[in-house]
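Undergrad: Just dropping this structure here.
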Amino acid sequence: MLKTLLIRLISMAVTLVGVAIVVFVLIRVAPGNPIAMMLPPGASPQDIANLTALYGLDKSLFEQFLIWAGGVLQGDFGTSITLKQSVSSLVLSRLPATLELSLLALLIALAIGGFTAVLGARERGKSVESGVDLFNSAALSIPDFLWGLLLILLFGVLWPLLHISGRVSPQLNLPFSTNFYLIESIFRLRFDLLKDLLSHMLMPALALALPLAAVISQLLKQGLKDVLQLDYTLLARVKGFTETQVILREAMRNAALPTLTLIGVQFTFLIGGTVIIERLFAYEGLGNMAIDAVINRDLPLIQGIVLMFACIFILVNLAVDIAYTFLNPRLRHG
Amino acid sequence: MTVPTLEIQSLTLGLKGGARLLRDVSLSVKPGEVHALVGESGAGKSMIGKAVLGVLPPSVQTLSGSINLQGNQLDALSPAARRQAVASVASLIPQDPLTALNPSRRIGPQITDRLIKRLGWKADDAQRRALELLDRVRIRDPQRVMASYPHELSGGMRQRVLIAAAFAPRPKLIVADEPTTALDVTVQKQILALIRELQQQEQTAVLFVTHDMGVVAKISQRVSVLFAGKVMESSDTADIFSHPKHPYTQALIMATPRYTHPDEALRPVPAELIAQLQREIAADDRGAAHVR
Amino acid sequence: MADAALTAVTQPRARVRKPNPRLWLSLTWILIVVVAAVGAQWLAPHNPLEQDLLLERLPPLGFSGSEASYILGTDSLGRDVLSRLIYGARIALAVALAASFAACLTGSLLGLAAGYFGGWTDRIVSRFIDIWMSFPPVLFAVLLVAVLGTGLGSVILAIAIIDWTRFARVVRAETMVQSRMDYVYSARIGGATRLRILAAEVLPNVLPTIAALLALEMGVAVIVEAILSFVNLSISSDSPTWGSMIAEGRATLHFAWWVLVFPLVVLFLTVLSFSQLGQGLKDQFDPLSR
């Protein structure tokens with residue numbers, strides 16, 4: 001057990017190194033000189049040369065990589081060229097926003113997907129199930145970007161109930177000590193702030209959630225339907241449990257497990273979607289910062305953000321594998 | 001006259017496509033009595049059990065007839081009321097112990113859940129009853145089994161667990177759907193004996209579905225012989241072996257292999273008899289259709 | 001293999017299907033887009049680049065203030081929305097076809113090689129896939145376009161570079177399944193070289209899956225291009241794209257909703273059609289090949 005974990009960790013590390021190399025090479029091959037962009041026009045070649053040396057951009061590719069890698073192993077991810085702060089502090093400051101958005105989206109996806117799956121399984125063979133299938137097919141075909149635009153139209157213009165921009169209303173005074181606004185607002189029982197945060201986060205989270213909800217719904221519904229044909233569900237009905245009780249109590253735990261791995265993979269896609277969704281909704285998270293960083297050729301910042309995303313993906317996959325082993329009674333008891 | 005535990009009258013079931021599954025089936029089971037339903041595969045015996053318990057597949061319709069369980073006219077009840085009426089007095093011993101237990105749940109809750117959640121028992125009472133029954137079905141370490149998962153038990157043990165679970169709520173009627181078919185021959189005898197023992201102790205009526213006349217002889221007081229969804233003959237078990245009236249019954253008895261005579265040739269049910277019976281049934285169906 | 005399970009399980013269990021209305025509707029819409037792209041010069045009522053500040057922000061027909069020749073209204077520079085939509089179809093279609101074929105070719109070849117030859121080939125390709133899939137796709141696209149520079153070619157190349165993994169994964173899984181089948185063994189016994197078997201025996205059986213994925217990929221390509229032009233990283237000229245129209249529409253949402261709505265609807269229908277086409281093809285082939 002421990003051995004497999006170790007092998008996994010090494011594999012993860014190799015992948016991360018691969019990611020780092022790819023980003024490093026790509027970014028330095030890019031045209032456009034960030035230094036020149038930083039200085040006012042008419043700057044002397046000496047100024048340019050000085051600044052270039054300061055950021056170590058005059059050394060060879062290999063040397064630059066080693067310097068950077070060395071720094072990373074000590075926890076130093078360099079300094080952002082455009083924002084003039086340490087990359088690690090910038091990334092960590094924006095990370096909570098993106099994490100909260102992703103997790104909120106995951107919760108919404110699980111709720112919608114789970115509900116429609118149970119509904120479709122309970123009413124299997126009837127028109128309700130066809131309705132669920134139709135909804136799922138549509139939600140699967142439409143990417144989060146389009147859902148986001150649709151939601152902006154519906155709830156930003158047609159029925160302006162929710163905010164279509166930003167993470168929180170600017171005029172509010174925020175008494176938080178971390179950047180986990182949502183979580184803190186719950187702990188501090190500041191439900192007024194919670195309401196404001198949610199009204200900003202609901203639409204981007206929904207846009208991210210809908211495709212995942214469809215995947216969950218389809219998979220879970222099929223799994224439930226398969227299980228509902230087995231004898232132990234028949235026995236449960238004889239015992240007097242309603243169809244819904246049979247689904248939730250007997251079928252769910254057997255149907256849910258196989259869907260777990262797939263949901264994990266799809267969740268990483270969801271997190272990837274935050275890049276454009278945050279941009280669309282002007283949400284101050286990691287993804288939004290990433291796009292600006294690329295446009296401005298901010299090498300160190302781009303590297304830091306990409307590595308952070310890669311880390312998150314790898315950790316999510318690991319978590320899913322651990323959860324699967326833990327939840328499967330056959331694997332647990334040998 | 002004692003009120004029968006189960007009274008089925010003229011039950012006719014069919015598929016939505018038109019095929020008939022049960023034709024005008026009538027039978028009655030007295031309290032504490034074991035009534036066997038015997039016939040070949042596809043004869044409709046399982047269907048009767050499912051109809052009584054209210055778990056027919058959605059494609060099967062009740063075309064006519066009534067079922068009366070413990071004084072409740074089941075077809076007159078709403079689905080929810082019916083479910084309640086059945087669950088409080090009836091149980092099922094299913095055929096396949098492999099698929100009849102939830103692999104993700106421990107044994108204990110699978111026995112006690114209906115007692116606590118549907119019948120309102122206290123958790124302690126339910127626990128005690130479960131342990132008591134596990135002991136009575138000759139399981140050696142009831143506490144450990146209660147905490148185990150199904151895949152940790154052998155097939156024979158699983159079937160005992162299912163029997164214990166069936167008797168736990170003190171039902172008035174148990175439908176036993178070929179409970180020994182999926183088991184080794186050596187285990188079959190023990191299981192049959194267990195069921196009979198418990199049934200006598202608890203005075204539970206049993207509707208025992210089987211294809212084996214040998215089992216019928218060992219366990220039942222009354223027997224109904226089924227062919228193509230129709231009751232061919234219905235009588236006391238003792239009589240049916242000594243004086244079988246219907247040719248099909250005779251053929252079935254003849255077809256039962258006698259393990260004491262291993263060299264004896266098998267005598268399957270004659271094909272001409274089957275063809276004749278099918279013709280008669282088809283004619284009856286057409287006649288009944290006319291009447292509608 | 002988890003990926004084969006992915007393709008098998010996320011589809012509703014297919015019964016033998018007659019081509020259903022969704023498939024026909026999807027094909028119809030795609031045809032419309034093709035016609036618009038090919039015949040833009042003749043179909044567009046106005047020059048898509050022509051600005052007329054006197055006619056800015058005209059609403060579509062049926063609303064007060066509209067003009068007859070500007071059926072879907074104009075944007076904030078007085079350009080005809082309908083004409084821009086029609087010309088935008090050109091970019092969308094070009095990207096859809098070129099990028100998806102490029103991704104398909106690369107990914108399928110690598111997937112076939114990895115699935116069939118196994119061993120180190122498989123390990124290297126799989127590792128690459130893992131690394132690639134650790135990048136958020138949109139970020140990767142933005143990054144690549146920054147590297148390659150803006151322009152149609154860059155966008156196509158970027159999409160191909162990112163999305164080859166979609167094909168590689170599934171084709172690899174499919175190939176592995178097929179490679180274990182009896183007809184491959186009998187071909188080996190018959191003396192055929194491995195390459196020959198791959199081309200002549202395995203490939204034809206994997207082709208249906210590839211075709212279905214290709215249709216899906218076209219939808220993805222259209223969306224990625226739209227996202228790229230939304231963040232101003234697509235083509236550099238003034239040639240209208242649906243994505244840039246949406247970006248503009250987002251900014252002027254409250255006073256000219258039509259500038260956002262129409263390109264959104266068009267994009268919606270296009271992506272939906274490709275996706276339904278892909279799903280439909282998958283269902284069509286599923287019961288036959290298994």
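Naming scheme: A, B, ... for chains in displayed order of the structure tokens; residues 1 onward per chain; ligands 1 onward as shown.
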Return as an MDAnalysis selection string the residues belonging to chain A that are within 7 Å of chain B, counting only C-alpha atoms.
TA: chainID A and resid 230:232 235 238:240 250 253:254 329
Undergrad: Give me, as a ChimeraX atom specification, all polymer residues having an atom no more than 9 Å from Asp298 of chain A, counting only C-alpha atoms and skipping those fewer than 6 positions away in the same chain.
TA: /A:34,80-83,292
Undergrad: So that I have them on file, write out the residues from the current selection with N, CA and C atoms, as a compact mmCIF listing (two decimals), in the first residue's frame.
TA:
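File written: selection_38.txt
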```
# COMPACT_ATOMS: atom_id res chain seq x y z
N PRO A 34 9.23 41.22 -22.81
CA PRO A 34 8.53 41.79 -21.66
C PRO A 34 9.27 42.98 -21.07
N SER A 80 7.15 38.63 -10.16
CA SER A 80 6.34 38.97 -11.32
C SER A 80 6.88 40.23 -11.97
N ILE A 81 7.00 40.17 -13.28
CA ILE A 81 7.55 41.32 -14.00
C ILE A 81 6.55 42.47 -14.03
N THR A 82 5.28 42.14 -14.19
CA THR A 82 4.29 43.21 -14.31
C THR A 82 3.78 43.71 -12.97
N LEU A 83 3.69 42.80 -12.01
CA LEU A 83 3.07 43.21 -10.75
C LEU A 83 4.09 43.45 -9.63
N ASP A 292 -4.06 37.69 -18.09
CA ASP A 292 -3.30 38.95 -18.10
C ASP A 292 -1.81 38.67 -18.18
```
Undergrad: Please provide as a list in words all residues within 10 Å of segment 177-189 of chain A, with the sequence filter that same-chain residues fewer than 2 positions apart are discarded (counting only C-alpha atoms).
TA: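 Close residues of segment 177-189 of chain A: Leu92, Ser93, Arg94, Leu95, Pro96, Ala97, Thr98, Leu99, Glu100, Leu101, Leu104, Arg167, Val168, Leu174, Pro175, Phe191, Asp192, Leu193, Leu194, Lys195, Asp196, Leu197, Leu198 and Met201 of chain A.
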Undergrad: Could you please take those selected residues and save N, CA and C atoms as a short mmCIF file (atom, residue, chain, number, x, y, z; two decimals), in the first residue's frame?
TA:
```
data_model
loop_
_atom_site.label_atom_id
_atom_site.label_comp_id
_atom_site.auth_asym_id
_atom_site.auth_seq_id
_atom_site.Cartn_x
_atom_site.Cartn_y
_atom_site.Cartn_z
N LEU A 92 -0.68 32.59 -4.28
CA LEU A 92 -1.40 32.17 -3.07
C LEU A 92 -2.51 33.14 -2.71
N SER A 93 -2.36 34.40 -3.11
CA SER A 93 -3.41 35.35 -2.75
C SER A 93 -4.65 35.15 -3.63
N ARG A 94 -4.43 34.70 -4.86
CA ARG A 94 -5.57 34.52 -5.76
C ARG A 94 -6.14 33.11 -5.73
N LEU A 95 -5.34 32.19 -5.19
CA LEU A 95 -5.75 30.79 -5.19
C LEU A 95 -7.08 30.55 -4.47
N PRO A 96 -7.30 31.10 -3.28
CA PRO A 96 -8.56 30.83 -2.58
C PRO A 96 -9.80 31.17 -3.40
N ALA A 97 -9.74 32.26 -4.15
CA ALA A 97 -10.90 32.66 -4.94
C ALA A 97 -11.26 31.57 -5.95
N THR A 98 -10.22 31.08 -6.66
CA THR A 98 -10.47 30.05 -7.66
C THR A 98 -10.91 28.75 -7.01
N LEU A 99 -10.29 28.41 -5.88
CA LEU A 99 -10.68 27.17 -5.20
C LEU A 99 -12.13 27.23 -4.76
N GLU A 100 -12.52 28.38 -4.18
CA GLU A 100 -13.90 28.50 -3.72
C GLU A 100 -14.87 28.39 -4.88
N LEU A 101 -14.53 29.02 -5.99
CA LEU A 101 -15.41 28.96 -7.16
C LEU A 101 -15.53 27.53 -7.66
N LEU A 104 -17.54 25.40 -5.15
CA LEU A 104 -18.96 25.74 -5.22
C LEU A 104 -19.59 25.11 -6.46
N ARG A 167 -16.05 39.65 -7.74
CA ARG A 167 -16.20 38.63 -6.71
C ARG A 167 -17.07 39.13 -5.57
N VAL A 168 -17.00 40.43 -5.35
CA VAL A 168 -17.74 40.99 -4.23
C VAL A 168 -18.01 42.46 -4.53
N LEU A 174 -14.52 44.42 4.11
CA LEU A 174 -14.37 43.00 4.37
C LEU A 174 -13.47 42.74 5.57
N PRO A 175 -14.02 42.13 6.62
CA PRO A 175 -13.24 41.90 7.85
C PRO A 175 -12.47 40.60 7.84
N PHE A 191 -23.86 36.75 7.34
CA PHE A 191 -24.68 36.27 6.25
C PHE A 191 -24.98 37.35 5.22
N ASP A 192 -24.81 38.59 5.61
CA ASP A 192 -24.97 39.66 4.62
C ASP A 192 -23.86 39.58 3.59
N LEU A 193 -22.65 39.35 4.07
CA LEU A 193 -21.52 39.21 3.16
C LEU A 193 -21.65 37.94 2.33
N LEU A 194 -22.12 36.88 2.99
CA LEU A 194 -22.31 35.60 2.29
C LEU A 194 -23.26 35.80 1.11
N LYS A 195 -24.33 36.55 1.35
CA LYS A 195 -25.33 36.77 0.31
C LYS A 195 -24.70 37.52 -0.86
N ASP A 196 -23.91 38.52 -0.53
CA ASP A 196 -23.29 39.31 -1.59
C ASP A 196 -22.31 38.44 -2.40
N LEU A 197 -21.51 37.67 -1.67
CA LEU A 197 -20.54 36.80 -2.34
C LEU A 197 -21.25 35.81 -3.26
N LEU A 198 -22.29 35.19 -2.73
CA LEU A 198 -23.00 34.21 -3.53
C LEU A 198 -23.65 34.82 -4.76
N MET A 201 -21.00 34.89 -7.15
CA MET A 201 -20.37 33.61 -7.53
C MET A 201 -21.33 32.63 -8.18
#
```
Undergrad: Got a sec to pull out which chain C residues are within 8 Å of chain A, counting only C-alpha atoms, and send them as a ChimeraX atom specification?
TA: /C:6,9-12,127,130-132,134-139,142-144,146-149,223,227,253-254,261,264,268,271-272,275-276
Undergrad: Using only C-alpha atoms, which residues sit within 8 Å of Phe227 of chain B once same-chain residues fewer than 2 positions away are excluded, as number ranges by chain?
TA: B: 39-40, 43-44, 225, 229-232
Undergrad: With N, CA and C atoms kept, could you save the residues just selected as a tab-separated table (two decimals), in the first residue's frame?
TA:
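And here's again24.tsv as it stands now:
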```
chain	number	residue	atom	x	y	z
B	39	GLY	N	-43.70	-26.73	-10.85
B	39	GLY	CA	-43.86	-26.70	-12.30
B	39	GLY	C	-42.51	-26.46	-12.94
B	40	GLU	N	-42.51	-26.55	-14.25
B	40	GLU	CA	-41.24	-26.33	-14.95
B	40	GLU	C	-40.89	-24.85	-14.96
B	43	ALA	N	-43.28	-21.69	-15.91
B	43	ALA	CA	-44.68	-22.08	-15.70
B	43	ALA	C	-45.45	-20.98	-15.00
B	44	GLY	N	-44.77	-20.02	-14.46
B	44	GLY	CA	-45.47	-18.90	-13.84
B	44	GLY	C	-45.46	-18.94	-12.32
B	225	VAL	N	-49.98	-27.66	-8.88
B	225	VAL	CA	-49.12	-27.97	-10.02
B	225	VAL	C	-49.44	-26.99	-11.14
B	229	GLY	N	-48.73	-21.28	-16.78
B	229	GLY	CA	-49.50	-20.27	-16.08
B	229	GLY	C	-50.87	-20.75	-15.61
B	230	LYS	N	-51.14	-22.01	-15.75
B	230	LYS	CA	-52.45	-22.52	-15.36
B	230	LYS	C	-52.28	-23.60	-14.28
B	231	VAL	N	-53.20	-23.62	-13.33
B	231	VAL	CA	-53.14	-24.65	-12.30
B	231	VAL	C	-53.74	-25.95	-12.86
B	232	MET	N	-52.90	-26.96	-12.92
B	232	MET	CA	-53.38	-28.25	-13.47
B	232	MET	C	-54.10	-29.05	-12.39
```
Undergrad: Excluding Leu173 of chain B and residues on its chain fewer than 4 positions from it, collect all residues at most 6 Å away from it, counting only C-alpha atoms, and give them as a list of chain:residue names.
TA: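 These residues fall inside the cut-off: B:Ala90, B:Thr204, B:Ala205, B:Val206.
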Undergrad: So that I have them on file, write out the residues from the current selection with N, CA and C atoms, as a PDB file, in the first residue's frame.
TA:
```pdb
ATOM      1  N   ALA B  90     -45.605  -9.990   5.300  1.00  0.00           N
ATOM      2  CA  ALA B  90     -45.004 -10.953   4.389  1.00  0.00           C
ATOM      3  C   ALA B  90     -43.503 -10.749   4.235  1.00  0.00           C
ATOM      4  N   THR B 204     -45.454 -19.890  10.577  1.00  0.00           N
ATOM      5  CA  THR B 204     -45.569 -19.009   9.416  1.00  0.00           C
ATOM      6  C   THR B 204     -46.056 -19.807   8.224  1.00  0.00           C
ATOM      7  N   ALA B 205     -47.005 -19.242   7.478  1.00  0.00           N
ATOM      8  CA  ALA B 205     -47.423 -19.883   6.237  1.00  0.00           C
ATOM      9  C   ALA B 205     -46.352 -19.645   5.184  1.00  0.00           C
ATOM     10  N   VAL B 206     -46.141 -20.633   4.325  1.00  0.00           N
ATOM     11  CA  VAL B 206     -45.111 -20.478   3.298  1.00  0.00           C
ATOM     12  C   VAL B 206     -45.670 -20.836   1.936  1.00  0.00           C
TER      13      VAL B 206
END
```
Undergrad: If you count only C-alpha atoms, which residues fall within 10 Å of Ser126 of chain C, apart from same-chain ones fewer than 5 positions away, as an MDAnalysis selection string?
TA: chainID C and resid 110:111 114:115 120:121 131:132 165 168:169 172
Undergrad: Which residues are close to Leu133 of chain B, i.e. within 8 Å by only C-alpha atoms, leaving aside same-chain residues fewer than 2 positions away? Reply as a PDB file with N, CA and C atoms, in the first residue's frame.
TA:
```pdb
ATOM      1  N   ARG B 129     -33.328  -9.739  18.064  1.00  0.00           N
ATOM      2  CA  ARG B 129     -34.079 -10.655  17.207  1.00  0.00           C
ATOM      3  C   ARG B 129     -33.176 -11.192  16.106  1.00  0.00           C
ATOM      4  N   ALA B 130     -32.358 -10.295  15.512  1.00  0.00           N
ATOM      5  CA  ALA B 130     -31.470 -10.713  14.421  1.00  0.00           C
ATOM      6  C   ALA B 130     -30.477 -11.760  14.927  1.00  0.00           C
ATOM      7  N   LEU B 131     -29.871 -11.497  16.077  1.00  0.00           N
ATOM      8  CA  LEU B 131     -28.902 -12.436  16.632  1.00  0.00           C
ATOM      9  C   LEU B 131     -29.556 -13.770  16.956  1.00  0.00           C
ATOM     10  N   ASP B 135     -28.687 -17.404  15.161  1.00  0.00           N
ATOM     11  CA  ASP B 135     -28.347 -18.570  15.957  1.00  0.00           C
ATOM     12  C   ASP B 135     -29.232 -19.750  15.546  1.00  0.00           C
ATOM     13  N   ARG B 136     -30.509 -19.475  15.345  1.00  0.00           N
ATOM     14  CA  ARG B 136     -31.430 -20.559  14.997  1.00  0.00           C
ATOM     15  C   ARG B 136     -31.197 -21.122  13.613  1.00  0.00           C
ATOM     16  N   VAL B 137     -30.600 -20.346  12.731  1.00  0.00           N
ATOM     17  CA  VAL B 137     -30.255 -20.921  11.425  1.00  0.00           C
ATOM     18  C   VAL B 137     -28.869 -21.548  11.461  1.00  0.00           C
ATOM     19  N   ALA B 164     -32.918 -16.105   7.867  1.00  0.00           N
ATOM     20  CA  ALA B 164     -33.072 -15.402   9.143  1.00  0.00           C
ATOM     21  C   ALA B 164     -33.759 -14.064   8.935  1.00  0.00           C
ATOM     22  N   ALA B 165     -33.328 -13.337   7.908  1.00  0.00           N
ATOM     23  CA  ALA B 165     -33.909 -12.027   7.622  1.00  0.00           C
ATOM     24  C   ALA B 165     -35.384 -12.147   7.297  1.00  0.00           C
ATOM     25  N   PHE B 167     -37.522 -14.395   8.392  1.00  0.00           N
ATOM     26  CA  PHE B 167     -38.345 -14.723   9.562  1.00  0.00           C
ATOM     27  C   PHE B 167     -38.309 -13.632  10.637  1.00  0.00           C
ATOM     28  N   ALA B 168     -37.368 -12.710  10.509  1.00  0.00           N
ATOM     29  CA  ALA B 168     -37.172 -11.719  11.580  1.00  0.00           C
ATOM     30  C   ALA B 168     -38.421 -10.926  11.945  1.00  0.00           C
TER      31      ALA B 168
END
```
Undergrad: Just give me the gap between atom CA of Ser10 of chain B and atom CA of Asn68 of chain B in Å, one decimal is fine.
TA: 11.6 Å
Undergrad: DSSP on the backbone, alpha helix (DSSP H) only: what residues of segment 88-266 of chain B does that give? Format it as a tab-separated table (two decimals) with C-alpha atoms, in the first residue's frame.
TA:
```tsv
chain	number	residue	atom	x	y	z
B	88	SER	CA	-46.09	-5.80	7.64
B	89	VAL	CA	-47.08	-9.44	7.18
B	107	ILE	CA	-25.22	-8.08	7.19
B	108	GLY	CA	-26.63	-6.70	10.41
B	109	PRO	CA	-28.37	-3.61	9.01
B	110	GLN	CA	-29.71	-5.66	6.12
B	111	ILE	CA	-31.64	-7.77	8.62
B	112	THR	CA	-32.65	-5.07	11.06
B	113	ASP	CA	-33.42	-2.15	8.74
B	123	ALA	CA	-32.89	-0.81	17.78
B	124	ASP	CA	-32.04	-3.08	20.70
B	125	ASP	CA	-35.01	-5.36	20.08
B	126	ALA	CA	-34.19	-5.58	16.40
B	127	GLN	CA	-30.57	-6.40	17.17
B	128	ARG	CA	-31.58	-9.11	19.61
B	129	ARG	CA	-34.08	-10.66	17.21
B	130	ALA	CA	-31.47	-10.71	14.42
B	131	LEU	CA	-28.90	-12.44	16.63
B	132	GLU	CA	-31.49	-14.91	17.85
B	133	LEU	CA	-32.45	-15.89	14.33
B	134	LEU	CA	-28.88	-16.14	13.13
B	135	ASP	CA	-28.35	-18.57	15.96
B	136	ARG	CA	-31.43	-20.56	15.00
B	142	PRO	CA	-23.72	-14.46	14.94
B	143	GLN	CA	-21.98	-11.30	16.22
B	144	ARG	CA	-19.19	-11.58	13.70
B	145	VAL	CA	-21.58	-12.33	10.86
B	146	MET	CA	-23.71	-9.30	11.75
B	147	ALA	CA	-20.63	-7.12	11.29
B	155	GLY	CA	-23.09	-19.22	-0.39
B	156	GLY	CA	-24.68	-21.50	2.17
B	157	MET	CA	-24.15	-18.99	4.95
B	158	ARG	CA	-25.64	-16.23	2.86
B	159	GLN	CA	-28.77	-18.25	2.25
B	160	ARG	CA	-29.09	-18.85	5.99
B	161	VAL	CA	-28.77	-15.11	6.56
B	162	LEU	CA	-31.55	-14.52	4.05
B	163	ILE	CA	-33.74	-17.06	5.81
B	164	ALA	CA	-33.07	-15.40	9.14
B	165	ALA	CA	-33.91	-12.03	7.62
B	166	ALA	CA	-37.16	-13.38	6.21
B	167	PHE	CA	-38.34	-14.72	9.56
B	185	VAL	CA	-27.06	-30.60	-3.26
B	186	THR	CA	-25.45	-31.27	0.12
B	187	VAL	CA	-26.44	-27.85	1.39
B	188	GLN	CA	-29.95	-28.08	-0.03
B	189	LYS	CA	-31.06	-30.65	2.51
B	190	GLN	CA	-29.88	-28.57	5.43
B	191	ILE	CA	-31.54	-25.43	4.15
B	192	LEU	CA	-34.83	-27.21	3.56
B	193	ALA	CA	-34.73	-28.63	7.05
B	194	LEU	CA	-34.02	-25.19	8.48
B	195	ILE	CA	-36.91	-23.61	6.68
B	196	ARG	CA	-39.28	-26.31	7.83
B	197	GLU	CA	-38.05	-26.07	11.40
B	198	LEU	CA	-38.39	-22.31	11.61
B	199	GLN	CA	-41.72	-22.36	9.85
B	200	GLN	CA	-43.12	-24.80	12.35
B	201	GLN	CA	-41.73	-22.91	15.32
B	202	GLU	CA	-43.01	-19.55	14.15
B	213	MET	CA	-41.21	-32.81	-6.73
B	214	GLY	CA	-38.80	-34.28	-4.22
B	215	VAL	CA	-38.72	-30.97	-2.38
B	216	VAL	CA	-42.49	-30.82	-2.54
B	217	ALA	CA	-42.73	-34.13	-0.77
B	218	LYS	CA	-40.36	-33.11	1.97
B	219	ILE	CA	-41.73	-29.74	2.88
B	237	THR	CA	-49.34	-33.40	-0.73
B	238	ALA	CA	-49.96	-36.81	0.70
B	239	ASP	CA	-52.75	-37.45	-1.81
B	240	ILE	CA	-51.00	-36.11	-4.82
B	241	PHE	CA	-48.22	-38.66	-4.68
B	242	SER	CA	-50.49	-41.58	-4.05
B	247	PRO	CA	-51.75	-36.58	-16.41
B	248	TYR	CA	-49.24	-33.73	-16.09
B	249	THR	CA	-48.88	-34.31	-12.38
B	250	GLN	CA	-48.31	-37.99	-13.03
B	251	ALA	CA	-45.69	-37.19	-15.61
B	252	LEU	CA	-43.93	-34.81	-13.21
B	253	ILE	CA	-43.83	-37.42	-10.47
B	254	MET	CA	-42.49	-39.98	-12.90
B	255	ALA	CA	-39.84	-37.54	-14.10
```
Undergrad: Considering only strand (DSSP E) as DSSP defines it on the backbone, what residues of segment 60-291 of chain B qualify? List them as a ChimeraX atom specification.
TA: /B:60-69,72-73,90-93,173-177,205-210,222-227,230-236
